[in-house]
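Novice: The structure follows.
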Amino acid sequence: MLQIQGLRVETGGKEILHGVDLSIGAGETHALFGPNGSGKTTLLMAIMGFPRYKITGGRIIFKGQDITRASLDERARLGIGMSFQRPPVVRGVRTRDMVTACLGGREDGEIVARMSERLNMGELMDREINYGFSGGEIKRSELLQLLVQEPDLSLLDEPESGVDLVNIALIGEMINELLQKDLKRNRTRSGLIITHTGHILDYVNAGKGYVLLNGKITCERDAHECLDSIKRRGYEGCVECLK
């Protein structure tokens with residue numbers, strides 16, 4: 001599904017990623033750990049194709065196609081979707097209109113109604129995007145947009161951030177549906193989840209985990225083993241592993 005080879009990325013004239021390699025197969029979910037400022041969000045932004053994140057080296061291969069120089073909208077059309085940690089407020093545009101736009105021209109009011117009900121969006125659908133929303137409401141809105149978009153690869157930037165205990169179980173349930181975790185076989189959708197706390201992994205199972213430190217992947221192993229090691233030893237322990 002996704003291959004990243006020697007990826008180097010800079011933003012604001014400063015190199016943030018210094019040669020990142022990772023690979024995600026079809027139907028797989030991987031987790032990305034790392035302290036604040038390590039380059040996790042930069043990696044997702046570069047995969048998604050945001051222009052302020054300049055790729056200076058390496059390649060991004062998606063479904064066998066080199067998309068290193070593809071535009072953001074081209075990547076979205078190919079099947080990459082992203083949920084932001086801190087999405088912007090968009091005044092003058094209703095959430096309902098954004099969700100409808102995410103259908104990509106498919107006329108399917110039934111799926112919008114069904115998914116918005118399951119995510120308890122209710123009156124939020126007719127409010128301006130993220131305006132006055134709580135942390136949990138923002139995450140539910142972001143997830144609703146992804147669910148109707150049905151991307152082959154979902155990039156989830158700290159889906160548990162700002163979410164209370166009541167909402168996190170619902171968020172986890174809907175991420176599982178997004179990534180086809182309810183299917184025993186023939187999963188085709190993949191995911192890369194940034195998590196700082198690891199709480200989302202109590203609800204969404206990830207196979208492989210990566211630790212990103214100072215713009216480089218320093219560890220690649222089972223996601224839960226990664227999280228357990230970080231809980232016990234902190235990221236300082238990951239540094240020790242490099243020596």
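So you can find residues: chains in the structure tokens are A, B, ... in the order shown, residues in each start at 1, and ligands are numbered from 1 in order.
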Using only C-alpha atoms, determine which residues lie at most 7 Å from A:Ile193, disregarding the query and same-chain residues fewer than 4 positions distant; provide the list as an MDAnalysis selection string.
Specialist: chainID A and resid 30:32 155:158
Novice: Please produce an output containing C-alpha atoms for each residue in the selection, written as a tab-separated table (two decimals), in the first residue's frame.
Specialist:
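For reference, out_39.tsv as written:
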```
chain	number	residue	atom	x	y	z
A	30	HIS	CA	0.85	0.70	11.97
A	31	ALA	CA	1.53	3.07	14.87
A	32	LEU	CA	4.06	5.90	15.02
A	155	LEU	CA	-3.36	8.96	8.26
A	156	LEU	CA	-4.57	9.64	11.80
A	157	ASP	CA	-2.72	12.30	13.78
A	158	GLU	CA	-3.29	11.66	17.51
```
Novice: Give the strand (DSSP E or B) residues of stretch 28-111 of chain A, as assigned by DSSP on the backbone, as an mmCIF file with N, CA and C atoms, in the first residue's frame.
Specialist:
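See part27.cif below for the written result:
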```cif
data_model
loop_
_atom_site.group_PDB
_atom_site.id
_atom_site.type_symbol
_atom_site.label_atom_id
_atom_site.label_comp_id
_atom_site.auth_asym_id
_atom_site.auth_seq_id
_atom_site.Cartn_x
_atom_site.Cartn_y
_atom_site.Cartn_z
ATOM 1 N N THR A 29 -2.374 -1.923 9.826
ATOM 2 C CA THR A 29 -2.403 -0.692 10.608
ATOM 3 C C THR A 29 -1.117 -0.606 11.409
ATOM 4 N N HIS A 30 -0.397 0.495 11.253
ATOM 5 C CA HIS A 30 0.850 0.704 11.971
ATOM 6 C C HIS A 30 0.725 1.928 12.867
ATOM 7 N N ALA A 31 1.537 1.961 13.918
ATOM 8 C CA ALA A 31 1.530 3.075 14.869
ATOM 9 C C ALA A 31 2.878 3.775 14.855
ATOM 10 N N LEU A 32 2.846 5.089 15.003
ATOM 11 C CA LEU A 32 4.063 5.904 15.015
ATOM 12 C C LEU A 32 4.157 6.647 16.335
ATOM 13 N N PHE A 33 5.223 6.363 17.089
ATOM 14 C CA PHE A 33 5.448 6.980 18.381
ATOM 15 C C PHE A 33 6.605 7.971 18.281
ATOM 16 N N LYS A 54 8.456 20.402 2.136
ATOM 17 C CA LYS A 54 9.193 20.183 0.891
ATOM 18 C C LYS A 54 10.012 18.904 0.970
ATOM 19 N N ILE A 55 9.764 18.009 0.035
ATOM 20 C CA ILE A 55 10.529 16.766 -0.040
ATOM 21 C C ILE A 55 11.834 17.045 -0.790
ATOM 22 N N THR A 56 12.937 16.847 -0.113
ATOM 23 C CA THR A 56 14.259 17.140 -0.693
ATOM 24 C C THR A 56 15.019 15.869 -1.058
ATOM 25 N N GLY A 57 14.494 14.704 -0.672
ATOM 26 C CA GLY A 57 15.152 13.449 -1.013
ATOM 27 C C GLY A 57 14.239 12.279 -0.715
ATOM 28 N N GLY A 58 14.493 11.170 -1.402
ATOM 29 C CA GLY A 58 13.703 9.972 -1.180
ATOM 30 C C GLY A 58 12.445 9.915 -2.026
ATOM 31 N N ARG A 59 11.653 8.868 -1.804
ATOM 32 C CA ARG A 59 10.451 8.659 -2.608
ATOM 33 C C ARG A 59 9.288 8.180 -1.743
ATOM 34 N N ILE A 60 8.073 8.486 -2.207
ATOM 35 C CA ILE A 60 6.840 7.959 -1.613
ATOM 36 C C ILE A 60 6.126 7.172 -2.700
ATOM 37 N N ILE A 61 5.938 5.878 -2.462
ATOM 38 C CA ILE A 61 5.258 4.998 -3.415
ATOM 39 C C ILE A 61 3.926 4.593 -2.804
ATOM 40 N N PHE A 62 2.834 4.850 -3.514
ATOM 41 C CA PHE A 62 1.490 4.507 -3.032
ATOM 42 C C PHE A 62 0.802 3.624 -4.051
ATOM 43 N N GLN A 65 2.602 3.344 -7.288
ATOM 44 C CA GLN A 65 2.797 4.561 -8.077
ATOM 45 C C GLN A 65 3.638 5.567 -7.308
ATOM 46 N N ASP A 66 4.631 6.137 -7.961
ATOM 47 C CA ASP A 66 5.470 7.154 -7.323
ATOM 48 C C ASP A 66 4.669 8.463 -7.233
ATOM 49 N N ILE A 80 -5.817 8.562 -0.434
ATOM 50 C CA ILE A 80 -5.194 8.878 0.852
ATOM 51 C C ILE A 80 -6.059 9.903 1.570
ATOM 52 N N GLY A 81 -6.352 9.639 2.828
ATOM 53 C CA GLY A 81 -7.129 10.574 3.643
ATOM 54 C C GLY A 81 -6.408 10.850 4.946
ATOM 55 N N MET A 82 -6.721 11.993 5.560
ATOM 56 C CA MET A 82 -6.003 12.370 6.780
ATOM 57 C C MET A 82 -6.952 13.010 7.784
ATOM 58 N N SER A 83 -6.746 12.654 9.048
ATOM 59 C CA SER A 83 -7.433 13.290 10.169
ATOM 60 C C SER A 83 -6.391 14.079 10.947
ATOM 61 N N VAL A 90 -13.513 26.523 10.039
ATOM 62 C CA VAL A 90 -13.857 27.044 8.712
ATOM 63 C C VAL A 90 -15.200 27.760 8.828
ATOM 64 N N ARG A 91 -15.159 29.086 8.875
ATOM 65 C CA ARG A 91 -16.385 29.865 8.997
ATOM 66 C C ARG A 91 -17.101 29.923 7.650
ATOM 67 N N GLY A 92 -18.409 29.905 7.704
ATOM 68 C CA GLY A 92 -19.214 30.047 6.494
ATOM 69 C C GLY A 92 -19.493 28.748 5.755
ATOM 70 N N VAL A 93 -18.928 27.639 6.246
ATOM 71 C CA VAL A 93 -19.165 26.337 5.605
ATOM 72 C C VAL A 93 -19.724 25.379 6.646
ATOM 73 N N ARG A 94 -20.871 24.799 6.376
ATOM 74 C CA ARG A 94 -21.475 23.859 7.315
ATOM 75 C C ARG A 94 -20.741 22.523 7.278
#
```
Novice: Within 12 Å of A:Val9, counting only C-alpha atoms, which residues show up once you throw out same-chain ones fewer than 2 positions away? Write them as an MDAnalysis selection string, please.
Specialist: chainID A and resid 4:7 11:20 39:47 49:60 68 215:216
Novice: May I ask which of the residues A:Tyr203, A:Phe84, A:Tyr235, A:Phe133 is the closest one to A:Ser38, counting only C-alpha atoms?
Specialist: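 Among the listed residues, the smallest separation from A:Ser38 belongs to A:Tyr235.
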Novice: What is the atom CA of A:Ala169 to atom CA of A:Ser134 distance in Å?
Specialist: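 These two atoms are separated by 16.3 Å.
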Novice: Just the alpha helix (DSSP H) stuff from stretch 20-139 of chain A, please, per backbone DSSP, written as a PyMOL selection string.
Specialist: chain A and resi 40-48+72-78+95-102+109-118+135-139
Novice: List as a VMD selection string the protein and nucleic acid residues near A:Gly79, meaning an atom at most 8 Å away when only C-alpha atoms are counted, but skip any in the same chain fewer than 6 places from it.
Specialist: chain A and resid 150 to 153
Novice: Take the residues that were just selected and, keeping C-alpha atoms, output them as a short mmCIF file (atom, residue, chain, number, x, y, z; two decimals), in the first residue's frame.
Specialist:
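Printed below is again15.cif as written:
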```
data_model
loop_
_atom_site.label_atom_id
_atom_site.label_comp_id
_atom_site.auth_asym_id
_atom_site.auth_seq_id
_atom_site.Cartn_x
_atom_site.Cartn_y
_atom_site.Cartn_z
CA GLU A 150 -13.48 5.76 2.29
CA PRO A 151 -9.72 6.18 1.68
CA ASP A 152 -7.46 3.20 1.04
CA LEU A 153 -4.89 4.72 3.42
#
```
Novice: Got a sec: who's within 10 Å of A:Asp126, counting only C-alpha atoms, leaving out chain neighbours fewer than 4 positions off, as a PDB file with N, CA and C atoms, in the first residue's frame?
Specialist:
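So around24.pdb came out as:
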```
ATOM      1  N   VAL A  93     -18.928  27.639   6.246  1.00  0.00           N
ATOM      2  CA  VAL A  93     -19.165  26.337   5.605  1.00  0.00           C
ATOM      3  C   VAL A  93     -19.724  25.379   6.646  1.00  0.00           C
ATOM      4  N   ARG A  94     -20.871  24.799   6.376  1.00  0.00           N
ATOM      5  CA  ARG A  94     -21.475  23.859   7.315  1.00  0.00           C
ATOM      6  C   ARG A  94     -20.741  22.523   7.278  1.00  0.00           C
ATOM      7  N   THR A  95     -20.718  21.865   8.411  1.00  0.00           N
ATOM      8  CA  THR A  95     -20.132  20.522   8.481  1.00  0.00           C
ATOM      9  C   THR A  95     -20.808  19.588   7.487  1.00  0.00           C
ATOM     10  N   ARG A  96     -22.121  19.711   7.362  1.00  0.00           N
ATOM     11  CA  ARG A  96     -22.870  18.860   6.432  1.00  0.00           C
ATOM     12  C   ARG A  96     -22.360  19.028   5.004  1.00  0.00           C
ATOM     13  N   ASP A  97     -22.062  20.265   4.618  1.00  0.00           N
ATOM     14  CA  ASP A  97     -21.579  20.518   3.256  1.00  0.00           C
ATOM     15  C   ASP A  97     -20.201  19.905   3.036  1.00  0.00           C
ATOM     16  N   MET A 121     -23.361  13.241  15.825  1.00  0.00           N
ATOM     17  CA  MET A 121     -23.086  14.585  15.324  1.00  0.00           C
ATOM     18  C   MET A 121     -24.304  15.503  15.446  1.00  0.00           C
ATOM     19  N   GLY A 122     -25.515  14.947  15.230  1.00  0.00           N
ATOM     20  CA  GLY A 122     -26.753  15.699  15.452  1.00  0.00           C
ATOM     21  C   GLY A 122     -26.724  17.110  14.883  1.00  0.00           C
TER      22      GLY A 122
END
```
Novice: Go ahead and compute the interatomic distance for atom CA of A:Asp222 and atom CA of A:Thr195, in Å to one decimal.
Specialist: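 Those two atoms sit 14.4 Å apart.
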Novice: Fewer than 4 positions away in the same chain doesn't count, so skip those; otherwise give me all residues within 6 Å of stretch 174-180 of chain A, counting only C-alpha atoms, as a ChimeraX atom specification.
Specialist: /A:147,187,189
Novice: Dump C-alpha atoms for the selected residues as a tab-separated table (two decimals), in the first residue's frame?
Specialist:
```tsv
chain	number	residue	atom	x	y	z
A	147	LEU	CA	-15.60	7.50	6.83
A	187	ARG	CA	-9.11	-6.19	4.47
A	189	ARG	CA	-7.65	-0.45	3.87
```
Novice: Atom CA of A:Arg118 to atom CA of A:Leu144: how many Å, to one decimal?
Specialist: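 A separation of 9.4 Å between them.
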